[in-house]
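Have a look at model35.cif; it's mmCIF, C-alpha atoms:
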data_structure
#
loop_
_atom_site.group_PDB
_atom_site.id
_atom_site.type_symbol
_atom_site.label_atom_id
_atom_site.label_comp_id
_atom_site.auth_asym_id
_atom_site.auth_seq_id
_atom_site.Cartn_x
_atom_site.Cartn_y
_atom_site.Cartn_z
ATOM 1 C CA MET A 1 10.924 2.874 16.073
ATOM 2 C CA PHE A 2 14.672 3.064 15.529
ATOM 3 C CA SER A 3 15.010 0.233 13.043
ATOM 4 C CA ASP A 4 16.830 2.377 10.493
ATOM 5 C CA ILE A 5 19.611 3.440 12.888
ATOM 6 C CA GLY A 6 22.764 1.355 12.552
ATOM 7 C CA ALA A 7 25.430 0.493 15.098
ATOM 8 C CA LEU A 8 27.743 3.248 13.886
ATOM 9 C CA GLU A 9 25.046 5.898 14.423
ATOM 10 C CA VAL A 10 24.365 4.600 17.964
ATOM 11 C CA VAL A 11 28.073 4.787 18.805
ATOM 12 C CA ALA A 12 28.226 8.314 17.400
ATOM 13 C CA LEU A 13 25.207 9.356 19.518
ATOM 14 C CA VAL A 14 26.758 7.880 22.681
ATOM 15 C CA ILE A 15 30.048 9.706 22.050
ATOM 16 C CA LEU A 16 28.164 12.941 21.360
ATOM 17 C CA ALA A 17 26.133 12.534 24.582
ATOM 18 C CA VAL A 18 29.296 11.955 26.613
ATOM 19 C CA LEU A 19 30.884 15.061 25.081
ATOM 20 C CA VAL A 20 27.822 17.271 25.604
ATOM 21 C CA PHE A 21 26.748 16.174 29.108
ATOM 22 C CA GLY A 22 30.004 14.772 30.440
ATOM 23 C CA PRO A 23 30.562 11.387 32.051
ATOM 24 C CA ASP A 24 29.397 12.671 35.468
ATOM 25 C CA LYS A 25 25.976 14.016 34.436
ATOM 26 C CA LEU A 26 25.182 11.420 31.749
ATOM 27 C CA PRO A 27 23.561 8.798 34.076
ATOM 28 C CA LYS A 28 21.269 11.488 35.591
ATOM 29 C CA VAL A 29 20.273 12.710 32.104
ATOM 30 C CA ILE A 30 19.477 9.148 30.982
ATOM 31 C CA ARG A 31 17.397 8.594 34.155
ATOM 32 C CA ASP A 32 15.469 11.856 33.567
ATOM 33 C CA VAL A 33 14.792 10.968 29.931
ATOM 34 C CA MET A 34 13.533 7.510 30.892
ATOM 35 C CA GLN A 35 11.189 9.019 33.518
ATOM 36 C CA PHE A 36 9.847 11.418 30.894
ATOM 37 C CA VAL A 37 9.229 8.556 28.443
ATOM 38 C CA ARG A 38 7.406 6.573 31.187
ATOM 39 C CA LYS A 39 5.196 9.575 32.017
ATOM 40 C CA VAL A 40 4.315 10.070 28.344
ATOM 41 C CA ARG A 41 3.390 6.373 28.013
ATOM 42 C CA GLU A 42 1.240 6.509 31.168
ATOM 43 C CA PHE A 43 -0.488 9.649 29.888
ATOM 44 C CA SER A 44 -1.133 7.992 26.528
ATOM 45 C CA ASP A 45 -2.506 4.824 28.124
ATOM 46 C CA SER A 46 -4.804 6.788 30.446
ATOM 47 C CA ALA A 47 -6.047 8.909 27.522
ATOM 48 C CA LYS A 48 -6.841 5.749 25.530
ATOM 49 C CA ALA A 49 -8.692 4.264 28.517
ATOM 50 C CA ASP A 50 -10.698 7.489 28.971
ATOM 51 C CA ILE A 51 -11.661 7.526 25.296
ATOM 52 C CA ARG A 52 -12.768 3.884 25.435
ATOM 53 C CA ASN A 53 -14.863 4.592 28.550
ATOM 54 C CA GLU A 54 -16.490 7.621 26.922
ATOM 55 C CA LEU A 55 -17.322 5.754 23.719
ATOM 56 C CA GLY A 56 -19.361 3.211 25.615
ATOM 57 C CA PRO A 57 -19.951 -0.531 25.300
ATOM 58 C CA GLU A 58 -20.746 -0.317 21.553
ATOM 59 C CA PHE A 59 -17.067 0.303 20.849
ATOM 60 C CA LYS A 60 -15.551 -2.252 23.207
ATOM 61 C CA ASP A 61 -13.535 -3.812 20.356
ATOM 62 C CA PHE A 62 -12.252 -0.419 19.118
ATOM 63 C CA GLU A 63 -8.509 -0.299 18.570
ATOM 64 C CA PHE A 64 -6.610 2.921 17.956
ATOM 65 C CA GLU A 65 -4.445 1.133 15.393
ATOM 66 C CA ASP A 66 -7.594 0.841 13.236
ATOM 67 C CA LEU A 67 -7.443 4.592 12.651
ATOM 68 C CA ASN A 68 -4.575 3.914 10.272
ATOM 69 C CA PRO A 69 -6.316 3.512 6.871
ATOM 70 C CA LYS A 70 -4.162 0.556 5.859
ATOM 71 C CA ASN A 71 -5.022 -1.376 9.026
ATOM 72 C CA PHE A 72 -8.705 -0.414 8.771
ATOM 73 C CA VAL A 73 -9.031 -1.718 5.204
ATOM 74 C CA ARG A 74 -7.141 -4.892 6.065
ATOM 75 C CA LYS A 75 -9.419 -5.577 9.032
ATOM 76 C CA GLN A 76 -12.688 -4.715 7.284
ATOM 77 C CA LEU A 77 -12.133 -6.256 3.861
ATOM 78 C CA LEU A 78 -9.372 -8.811 3.928
ATOM 79 C CA ASP A 79 -9.949 -10.500 7.298
ATOM 80 C CA ASN A 80 -13.725 -10.357 7.032
ATOM 81 C CA ASP A 81 -15.221 -12.556 4.295
ATOM 82 C CA GLU A 82 -18.883 -11.532 4.608
ATOM 83 C CA LEU A 83 -18.793 -10.084 1.091
ATOM 84 C CA GLY A 84 -17.301 -13.212 -0.499
ATOM 85 C CA LEU A 85 -14.145 -11.426 -1.588
ATOM 86 C CA LYS A 86 -11.955 -14.497 -1.154
ATOM 87 C CA GLU A 87 -14.121 -16.400 -3.625
ATOM 88 C CA ILE A 88 -13.927 -13.556 -6.126
ATOM 89 C CA ARG A 89 -10.159 -13.169 -5.640
ATOM 90 C CA ASN A 90 -9.565 -16.905 -6.045
ATOM 91 C CA GLY A 91 -11.834 -17.115 -9.115
ATOM 92 C CA PHE A 92 -9.998 -14.377 -10.997
ATOM 93 C CA ASP A 93 -7.272 -15.650 -13.332
ATOM 94 C CA PHE A 94 -5.039 -12.674 -14.096
ATOM 95 C CA LYS A 95 -3.047 -14.424 -16.838
ATOM 96 C CA GLU A 96 -6.197 -15.440 -18.710
ATOM 97 C CA GLU A 97 -7.641 -11.918 -18.500
ATOM 98 C CA LEU A 98 -4.364 -10.381 -19.633
ATOM 99 C CA SER A 99 -4.093 -12.745 -22.604
ATOM 100 C CA ALA A 100 -7.710 -11.949 -23.588
ATOM 101 C CA VAL A 101 -6.948 -8.215 -23.541
ATOM 102 C CA THR A 102 -3.725 -8.751 -25.511
ATOM 103 C CA ASP A 103 -5.561 -10.826 -28.111
ATOM 104 C CA ALA A 104 -8.251 -8.158 -28.416
ATOM 105 C CA VAL A 105 -5.645 -5.441 -28.938
ATOM 106 C CA HIS A 106 -3.853 -7.467 -31.616
ATOM 107 C CA GLY A 107 -7.128 -8.440 -33.319
ATOM 108 C CA ARG A 108 -6.768 -12.169 -32.652
ATOM 109 C CA GLU A 109 -9.367 -14.653 -31.513
ATOM 110 C CA SER A 110 -9.251 -14.972 -27.746
ATOM 111 C CA GLY A 111 -8.541 -18.371 -26.219
ATOM 112 C CA GLY A 112 -6.489 -19.634 -29.167
ATOM 113 C CA SER A 113 -3.046 -21.180 -28.945
ATOM 114 C CA GLY A 114 0.105 -19.429 -30.084
ATOM 115 C CA ALA A 115 0.138 -21.160 -33.505
ATOM 116 C CA SER A 116 -3.457 -20.301 -34.374
ATOM 117 C CA GLY A 117 -2.995 -16.750 -33.037
ATOM 118 C CA SER A 118 -0.047 -16.129 -35.360
ATOM 119 C CA ALA A 119 -2.002 -17.468 -38.341
ATOM 120 C CA SER A 120 -4.852 -15.045 -37.667
ATOM 121 C CA THR A 121 -2.570 -12.003 -37.810
ATOM 122 C CA SER A 122 -1.873 -12.522 -41.490
ATOM 123 C CA GLY A 123 -5.313 -11.121 -42.376
ATOM 124 C CA SER A 124 -7.069 -14.406 -43.148
ATOM 125 C CA SER A 125 -9.499 -14.042 -40.236
ATOM 126 C CA GLY A 126 -11.123 -10.930 -41.693
ATOM 127 C CA THR A 127 -10.163 -8.640 -38.839
ATOM 128 C CA PRO A 128 -7.742 -5.823 -39.636
ATOM 129 C CA ASP A 129 -4.241 -6.004 -38.268
ATOM 130 C CA LEU A 130 -3.924 -2.788 -36.284
ATOM 131 C CA LEU A 131 -0.159 -3.040 -35.908
ATOM 132 C CA ARG A 132 0.620 -3.375 -39.619
ATOM 133 C CA LYS A 133 1.691 -0.122 -41.233
ATOM 134 C CA ARG A 134 -0.338 0.985 -44.194
ATOM 135 C CA ASP A 135 1.465 1.068 -47.525
ATOM 136 C CA GLY A 136 -0.101 4.290 -48.723
ATOM 137 C CA LEU A 137 -3.311 5.929 -49.820
ATOM 138 C CA THR A 138 -5.219 4.709 -52.834
ATOM 139 C CA PRO A 139 -5.861 7.376 -55.492
ATOM 140 C CA GLY A 140 -8.800 9.566 -54.460
ATOM 141 C CA GLU A 141 -8.781 8.383 -50.836
ATOM 142 C CA ALA A 142 -8.851 11.110 -48.175
ATOM 143 C CA PRO A 143 -6.029 11.035 -45.630
ATOM 144 C CA PRO A 144 -7.015 9.864 -42.149
ATOM 145 C CA PHE A 145 -8.258 12.582 -39.824
ATOM 146 C CA ASP A 146 -7.771 12.492 -36.086
ATOM 147 C CA SER A 147 -9.937 15.058 -34.309
ATOM 148 C CA ASP A 148 -7.991 14.649 -31.072
ATOM 149 C CA ALA A 149 -4.697 15.527 -32.771
ATOM 150 C CA THR A 150 -5.896 18.881 -34.098
#

I need this file expressed as structure tokens, please.
Amino acid sequence: MFSDIGALEVVALVILAVLVFGPDKLPKVIRDVMQFVRKVREFSDSAKADIRNELGPEFKDFEFEDLNPKNFVRKQLLDNDELGLKEIRNGFDFKEELSAVTDAVHGRESGGSGASGSASTSGSSGTPDLLRKRDGLTPGEAPPFDSDAT
């Protein structure tokens, strides 16, 4: 809960509490705050127990932490392998898929090595090189038209 508070902040809060409440009243204030925190925890625990009782035996394994979407997805999809997601996740090779997409974008044959891929970019494979800049228009050729740009 207070994991982001450092030692210097705690010391500053203690000094501030001593200045505000005084050294005589500070132990009573701390005791009252701790009693309040205990009462809130008891109220929360009793409310959770009442909700579980009202839901019935169908929801005996219901946890309130599952209401957090991140925990719910983790419990339903990642811990539970009824759908075969682990097999799908383990069978997917991200590097191979990424190289296939890269080869498709550059107009190369997919699955080739680096030497054969660089030879195919010179235009000998018959596929146009999409990254090469055109030299110019041939006489009588209409300029390219992009309907999305107009």

Between atom CA of Val11 of chain A and atom CA of Pro23 of chain A, what distance in Å does the model show, to one decimal?
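Between atom CA of Val11 of chain A and atom CA of Pro23 of chain A the gap is 15.0 Å.
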
In Å, with one decimal, what is the gap from atom CA of Glu96 of chain A to atom CA of Glu109 of chain A?
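Atom CA of Glu96 of chain A sits 13.2 Å away from atom CA of Glu109 of chain A.
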
Selection near segment 28-45 of chain A, 10 Å with all atoms listed in the file, sequence-local residues under 6 positions removed, as a ChimeraX atom specification:
/A:17,21,51

Any idea what the distance is between atom CA of Glu63 of chain A and atom CA of Ser46 of chain A?
14.3 Å

To box segment 55-64 of chain A, take all atoms listed in the file, fit an axis-aligned box, add 4 Å on each side, and give centre and edge lengths in Å to one decimal, as AutoDock Vina command-line options.
--center_x -13.7 --center_y 1.0 --center_z 21.8 --size_x 22.1 --size_y 17.6 --size_z 15.7
